[in-house]
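Pasted below: model-v8.csv, CSV, C-alpha atoms.
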```csv
chain,number,residue,atom,x,y,z
A,286,LYS,CA,-53.8,-85.7,-79.0
A,287,CYS,CA,-55.1,-83.7,-81.9
A,288,GLU,CA,-57.5,-81.8,-79.6
A,289,ASP,CA,-54.7,-81.0,-77.2
A,290,ALA,CA,-52.4,-79.8,-80.0
A,291,LEU,CA,-55.2,-77.5,-81.4
A,292,GLN,CA,-55.9,-76.1,-77.9
A,293,SER,CA,-52.2,-75.4,-77.4
A,294,LEU,CA,-52.1,-73.6,-80.7
A,295,LEU,CA,-55.1,-71.5,-79.7
A,296,VAL,CA,-53.9,-70.5,-76.2
A,297,PHE,CA,-50.5,-69.8,-77.6
A,298,GLY,CA,-51.9,-66.7,-79.2
A,299,ALA,CA,-52.6,-67.5,-82.9
A,300,CYS,CA,-53.9,-64.8,-85.3
A,301,ARG,CA,-57.6,-64.6,-86.1
A,302,PRO,CA,-57.6,-66.7,-89.3
A,303,VAL,CA,-55.6,-69.5,-87.6
A,304,ARG,CA,-58.0,-69.3,-84.6
A,305,ARG,CA,-61.0,-69.7,-86.9
A,306,LEU,CA,-59.5,-72.7,-88.7
A,307,ALA,CA,-58.2,-74.4,-85.5
A,308,SER,CA,-61.7,-74.0,-83.8
A,309,SER,CA,-63.4,-75.4,-86.9
A,310,ALA,CA,-60.9,-78.4,-86.9
A,311,MET,CA,-61.6,-78.9,-83.2
A,312,GLY,CA,-65.3,-79.2,-83.8
A,313,ARG,CA,-64.9,-81.6,-86.7
A,314,ILE,CA,-62.5,-83.8,-84.6
A,315,ILE,CA,-65.0,-83.9,-81.7
A,316,GLN,CA,-67.8,-84.8,-84.1
A,317,LYS,CA,-65.8,-87.9,-85.1
A,318,GLY,CA,-65.2,-88.9,-81.5
A,319,ASP,CA,-67.4,-89.9,-78.7
A,320,ALA,CA,-69.8,-87.8,-76.6
A,321,ILE,CA,-67.5,-87.7,-73.7
A,322,SER,CA,-65.0,-85.6,-75.7
A,323,VAL,CA,-67.6,-82.8,-76.0
A,324,TYR,CA,-68.0,-82.4,-72.2
A,325,SER,CA,-64.3,-82.9,-71.6
A,326,ARG,CA,-63.1,-80.3,-74.1
A,327,ALA,CA,-65.7,-77.7,-73.2
A,328,SER,CA,-64.8,-78.1,-69.5
A,329,THR,CA,-61.1,-77.8,-70.2
A,330,LEU,CA,-61.6,-74.6,-72.2
A,331,GLN,CA,-63.9,-73.2,-69.5
A,332,GLY,CA,-61.4,-74.1,-66.8
A,333,TRP,CA,-58.6,-72.4,-68.7
A,334,LEU,CA,-60.6,-69.2,-69.2
A,335,VAL,CA,-61.7,-69.1,-65.5
A,336,ASP,CA,-58.3,-69.8,-64.0
A,337,VAL,CA,-56.2,-67.6,-66.2
A,338,LYS,CA,-55.5,-64.2,-64.6
A,339,ARG,CA,-54.4,-61.8,-67.2
A,340,ALA,CA,-53.4,-63.9,-70.2
A,341,ASP,CA,-52.4,-62.8,-73.6
A,342,PRO,CA,-55.5,-61.2,-75.3
A,343,MET,CA,-55.1,-63.3,-78.4
A,344,ALA,CA,-54.9,-66.5,-76.3
A,345,CYS,CA,-58.1,-65.6,-74.5
A,346,ALA,CA,-59.8,-64.8,-77.9
A,347,GLY,CA,-58.6,-68.1,-79.3
A,348,ALA,CA,-60.0,-70.1,-76.3
A,349,ALA,CA,-63.3,-68.2,-76.5
A,350,GLN,CA,-63.6,-68.8,-80.2
A,351,CYS,CA,-63.0,-72.5,-79.9
A,352,LEU,CA,-65.5,-72.8,-77.0
A,353,GLY,CA,-68.0,-70.9,-79.1
A,354,GLU,CA,-67.6,-73.4,-82.0
A,355,ILE,CA,-68.2,-76.2,-79.6
A,356,TYR,CA,-71.4,-74.5,-78.4
A,357,HIS,CA,-72.4,-73.9,-82.0
A,358,LEU,CA,-72.2,-77.6,-82.8
A,359,PHE,CA,-73.0,-79.3,-79.5
A,360,GLY,CA,-74.7,-76.6,-77.4
A,361,ARG,CA,-77.7,-78.7,-76.4
A,362,LYS,CA,-75.4,-81.3,-74.8
A,363,ILE,CA,-73.6,-78.8,-72.6
A,364,THR,CA,-76.4,-76.5,-71.4
A,365,ALA,CA,-75.3,-77.2,-67.8
A,366,GLY,CA,-72.2,-75.1,-68.4
A,367,LEU,CA,-74.1,-72.1,-69.7
A,368,ILE,CA,-74.0,-70.1,-66.4
A,369,GLU,CA,-70.2,-70.5,-66.2
A,370,THR,CA,-69.8,-69.5,-69.8
A,371,SER,CA,-71.9,-66.4,-69.1
A,372,ASN,CA,-69.6,-65.5,-66.2
A,373,ILE,CA,-66.5,-66.1,-68.5
A,374,VAL,CA,-68.0,-63.7,-71.1
A,375,GLY,CA,-68.4,-61.1,-68.3
A,376,LYS,CA,-64.8,-61.5,-67.4
A,377,LEU,CA,-63.6,-61.2,-71.0
A,378,MET,CA,-65.7,-58.0,-71.5
A,379,LYS,CA,-63.3,-56.2,-69.1
A,380,TYR,CA,-60.4,-56.6,-71.5
A,381,HIS,CA,-59.2,-53.4,-73.2
A,382,GLU,CA,-58.7,-55.1,-76.5
A,383,ASP,CA,-61.9,-54.8,-78.6
A,384,PHE,CA,-61.3,-58.1,-80.4
A,385,VAL,CA,-61.4,-59.9,-77.1
A,386,ARG,CA,-64.7,-58.3,-76.2
A,387,GLN,CA,-66.0,-59.1,-79.7
A,388,ASP,CA,-65.0,-62.8,-79.4
A,389,ALA,CA,-66.5,-62.9,-75.9
A,390,LEU,CA,-69.9,-61.8,-77.3
A,391,LEU,CA,-69.6,-64.1,-80.3
A,392,LEU,CA,-69.0,-66.9,-77.8
A,393,LEU,CA,-72.2,-65.8,-76.0
A,394,GLU,CA,-74.1,-65.7,-79.3
A,395,ASN,CA,-73.1,-69.3,-80.1
A,396,ALA,CA,-73.9,-70.4,-76.6
A,397,LEU,CA,-77.4,-68.9,-76.8
A,398,GLU,CA,-78.2,-70.3,-80.2
A,399,GLY,CA,-76.5,-73.6,-79.5
A,400,SER,CA,-78.3,-74.2,-76.2
A,401,GLY,CA,-81.6,-73.5,-77.9
A,402,GLY,CA,-83.1,-72.1,-74.7
A,403,GLY,CA,-82.5,-75.3,-72.8
A,404,GLY,CA,-80.3,-73.8,-70.1
A,405,SER,CA,-81.3,-72.4,-66.7
A,406,GLY,CA,-83.1,-69.2,-66.4
A,407,ALA,CA,-80.3,-67.7,-64.2
A,408,ALA,CA,-77.8,-68.3,-67.0
A,409,TYR,CA,-80.0,-66.5,-69.6
A,410,LEU,CA,-80.6,-63.6,-67.2
A,411,GLU,CA,-76.9,-63.2,-66.6
A,412,ALA,CA,-76.2,-63.3,-70.3
A,413,PHE,CA,-78.8,-60.6,-70.9
A,414,ARG,CA,-77.3,-58.5,-68.1
A,415,ILE,CA,-73.8,-58.7,-69.7
A,416,ILE,CA,-75.2,-57.7,-73.1
A,417,MET,CA,-77.1,-54.7,-71.7
A,418,ARG,CA,-74.5,-53.5,-69.2
A,419,GLY,CA,-71.7,-52.9,-71.6
A,420,GLY,CA,-72.0,-54.6,-75.0
A,421,ILE,CA,-74.6,-52.4,-76.7
A,422,SER,CA,-72.9,-49.2,-75.6
A,423,ASP,CA,-69.3,-50.3,-76.1
A,424,LYS,CA,-67.0,-47.7,-77.6
A,425,SER,CA,-65.9,-50.2,-80.4
A,426,TYR,CA,-68.4,-50.7,-83.2
A,427,ILE,CA,-67.4,-54.3,-83.7
A,428,VAL,CA,-68.5,-55.0,-80.1
A,429,ARG,CA,-71.8,-53.2,-80.6
A,430,VAL,CA,-72.5,-55.3,-83.7
A,431,ALA,CA,-71.7,-58.5,-81.7
A,432,ALA,CA,-74.0,-57.3,-78.9
A,433,ALA,CA,-76.9,-56.7,-81.3
A,434,ARG,CA,-76.4,-60.2,-82.7
A,435,CYS,CA,-76.7,-61.6,-79.2
A,436,LEU,CA,-80.0,-59.8,-78.8
A,437,LYS,CA,-81.2,-61.3,-82.0
A,438,ALA,CA,-80.1,-64.7,-80.9
A,439,PHE,CA,-82.1,-64.3,-77.7
A,440,ALA,CA,-85.2,-63.6,-79.7
A,441,ASN,CA,-84.6,-66.5,-82.1
A,442,ILE,CA,-84.6,-69.0,-79.2
A,443,GLY,CA,-87.8,-67.6,-77.7
A,444,GLY,CA,-86.3,-65.2,-75.1
A,445,PRO,CA,-85.8,-67.7,-72.3
A,446,GLY,CA,-85.7,-66.2,-68.9
A,447,LEU,CA,-86.9,-62.8,-70.2
A,448,GLY,CA,-90.2,-61.1,-69.4
A,449,MET,CA,-91.9,-58.2,-71.1
A,450,ALA,CA,-89.9,-55.7,-69.1
A,451,GLU,CA,-86.6,-57.1,-70.5
A,452,LEU,CA,-88.1,-57.3,-74.0
A,453,ASP,CA,-89.2,-53.6,-73.8
A,454,THR,CA,-85.7,-52.6,-72.6
A,455,SER,CA,-84.2,-54.6,-75.5
A,456,MET,CA,-86.4,-52.9,-78.1
A,457,SER,CA,-85.6,-49.4,-76.7
A,458,CYS,CA,-81.9,-50.2,-77.0
A,459,CYS,CA,-82.4,-51.4,-80.5
A,460,VAL,CA,-84.2,-48.3,-81.5
A,461,LYS,CA,-81.4,-46.2,-80.0
A,462,GLY,CA,-78.9,-48.4,-82.0
A,463,LEU,CA,-80.6,-47.4,-85.2
A,464,GLU,CA,-79.1,-43.9,-84.7
A,465,ASP,CA,-75.6,-45.2,-84.6
A,466,ASN,CA,-73.0,-43.6,-86.8
A,467,VAL,CA,-71.8,-46.9,-88.2
A,468,SER,CA,-74.1,-48.6,-90.8
A,469,ALA,CA,-73.1,-52.1,-89.8
A,470,VAL,CA,-74.3,-51.3,-86.2
A,471,ARG,CA,-77.5,-49.9,-87.5
A,472,ASP,CA,-78.2,-52.9,-89.7
A,473,SER,CA,-77.5,-55.3,-86.8
A,474,PHE,CA,-79.8,-53.5,-84.4
A,475,ALA,CA,-82.5,-53.4,-87.1
A,476,GLU,CA,-82.3,-57.2,-87.4
A,477,ALA,CA,-82.4,-57.6,-83.6
A,478,LEU,CA,-85.4,-55.2,-83.3
A,479,GLY,CA,-87.3,-57.1,-85.9
A,480,ALA,CA,-86.7,-60.5,-84.2
A,481,ILE,CA,-87.6,-59.0,-80.7
A,482,LEU,CA,-90.8,-57.4,-82.1
A,483,ALA,CA,-91.9,-60.6,-83.6
A,484,LEU,CA,-91.5,-62.4,-80.3
A,485,ALA,CA,-93.1,-59.6,-78.3
A,486,VAL,CA,-96.3,-59.5,-80.4
A,487,ASN,CA,-96.6,-63.3,-80.2
A,488,PRO,CA,-95.8,-64.2,-76.6
A,489,ASP,CA,-97.4,-67.6,-77.1
A,490,ALA,CA,-94.5,-68.5,-79.4
A,491,GLN,CA,-92.2,-68.0,-76.4
A,492,GLU,CA,-94.0,-70.6,-74.4
A,493,GLU,CA,-94.4,-72.9,-77.3
A,494,LYS,CA,-90.7,-72.8,-78.1
A,495,SER,CA,-89.9,-73.5,-74.4
A,496,LYS,CA,-92.1,-76.6,-74.5
A,497,MET,CA,-90.6,-77.8,-77.8
A,498,LEU,CA,-87.0,-77.3,-76.5
A,499,LEU,CA,-87.9,-79.1,-73.3
A,500,GLN,CA,-89.2,-82.1,-75.2
A,501,ARG,CA,-86.2,-82.1,-77.5
A,502,ASN,CA,-83.8,-82.1,-74.5
A,503,LEU,CA,-85.7,-84.9,-72.8
A,504,MET,CA,-85.4,-86.9,-76.0
A,505,MET,CA,-81.7,-86.3,-76.1
A,506,VAL,CA,-81.3,-87.5,-72.5
A,507,TYR,CA,-83.4,-90.6,-73.2
A,508,ARG,CA,-81.3,-91.5,-76.3
A,509,SER,CA,-78.1,-91.1,-74.3
A,510,ILE,CA,-79.2,-93.6,-71.6
```
Now, as a test, write the supplied structure out as structure tokens.
Amino acid sequence: KCEDALQSLLVFGACRPVRRLASSAMGRIIQKGDAISVYSRASTLQGWLVDVKRADPMACAGAAQCLGEIYHLFGRKITAGLIETSNIVGKLMKYHEDFVRQDALLLLENALEGSGGGGSGAAYLEAFRIIMRGGISDKSYIVRVAAARCLKAFANIGGPGLGMAELDTSMSCCVKGLEDNVSAVRDSFAEALGAILALAVNPDAQEEKSKMLLQRNLMMVYRSI
């Protein structure tokens, strides 16, 4: 009942501070419950974001922020939903309101880091396409910052699904981002560039991370049996 009440508050269109607190509270409540609650709530939020046509922007931002918090805390348990989450982010990126696009990319960042590279290659390629197609060149600087953070998250988890061509493209975009007029954007792209360079010059780390993540996911499956 508490989870339902918090979700109702989020999709009602609460302001950003309330959305943040409600999302955090949702995560804490789920932590106290059983594992089924994670899958159920993530699926419910995904379903709402998929089915809604043109909802109130603040409601969409609230649902996205809450789903992002769930991925942040339990991402490795819900990697199967990563492809659908990527599609949801693509849908939210079409909103005119920049805070919706920002929260969409923050959701993607949490999904990438939370999944730890344990999702399908198709999901990561779709996520990368969304970032590169519009996020890094968005007219709003807060969205460009969020896109740069997504690129950094990709590098931090070993660049799953990405080859050298994608890494080269990412680095080129980051270099271009260093020329942005907004210092926050330049700083974010500088951090992303450093992370991507570190991965590119040590490709063995990408393979090693993939092996470690696979072993970790197998252990989680084994423990849940």
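CA of Pro342 (chain A) is found 28.4 Å from CA of Ala477 (chain A).
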* Structure fact -> If you count all atoms listed in the file, the residue of A:Leu352, A:Leu463, A:Ala408, A:Leu377 closest to Tyr324 (chain A) turns out to be A:Leu352
* Asked: Using only C-alpha atoms, which residue out of A:Val470, A:Leu482, A:Leu393, A:Ala475 lies closest to Leu452 (chain A)?
  ->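 Looking at the shortest contact to Leu452 (chain A), the residue is A:Leu482.
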* **Sphere at (-71.8, -54.5, -88.9), radius 12 Å, counting only C-alpha atoms: residues as number ranges by chain** => A: 387, 425-434, 462-463, 465-476
* Point-to-point distance in Å for CA of Tyr356 (chain A) and CA of Gln331 (chain A) ->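 Separating CA of Gln331 (chain A) from CA of Tyr356 (chain A) is a distance of 11.7 Å.
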* To do: Tell me which of A:Trp333, A:Phe413, A:Phe439, A:Phe359 sits closest to Gly399 (chain A), counting only C-alpha atoms.
  =>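 Nearest candidate to Gly399 (chain A) out of A:Trp333, A:Phe413, A:Phe439, A:Phe359: A:Phe359.
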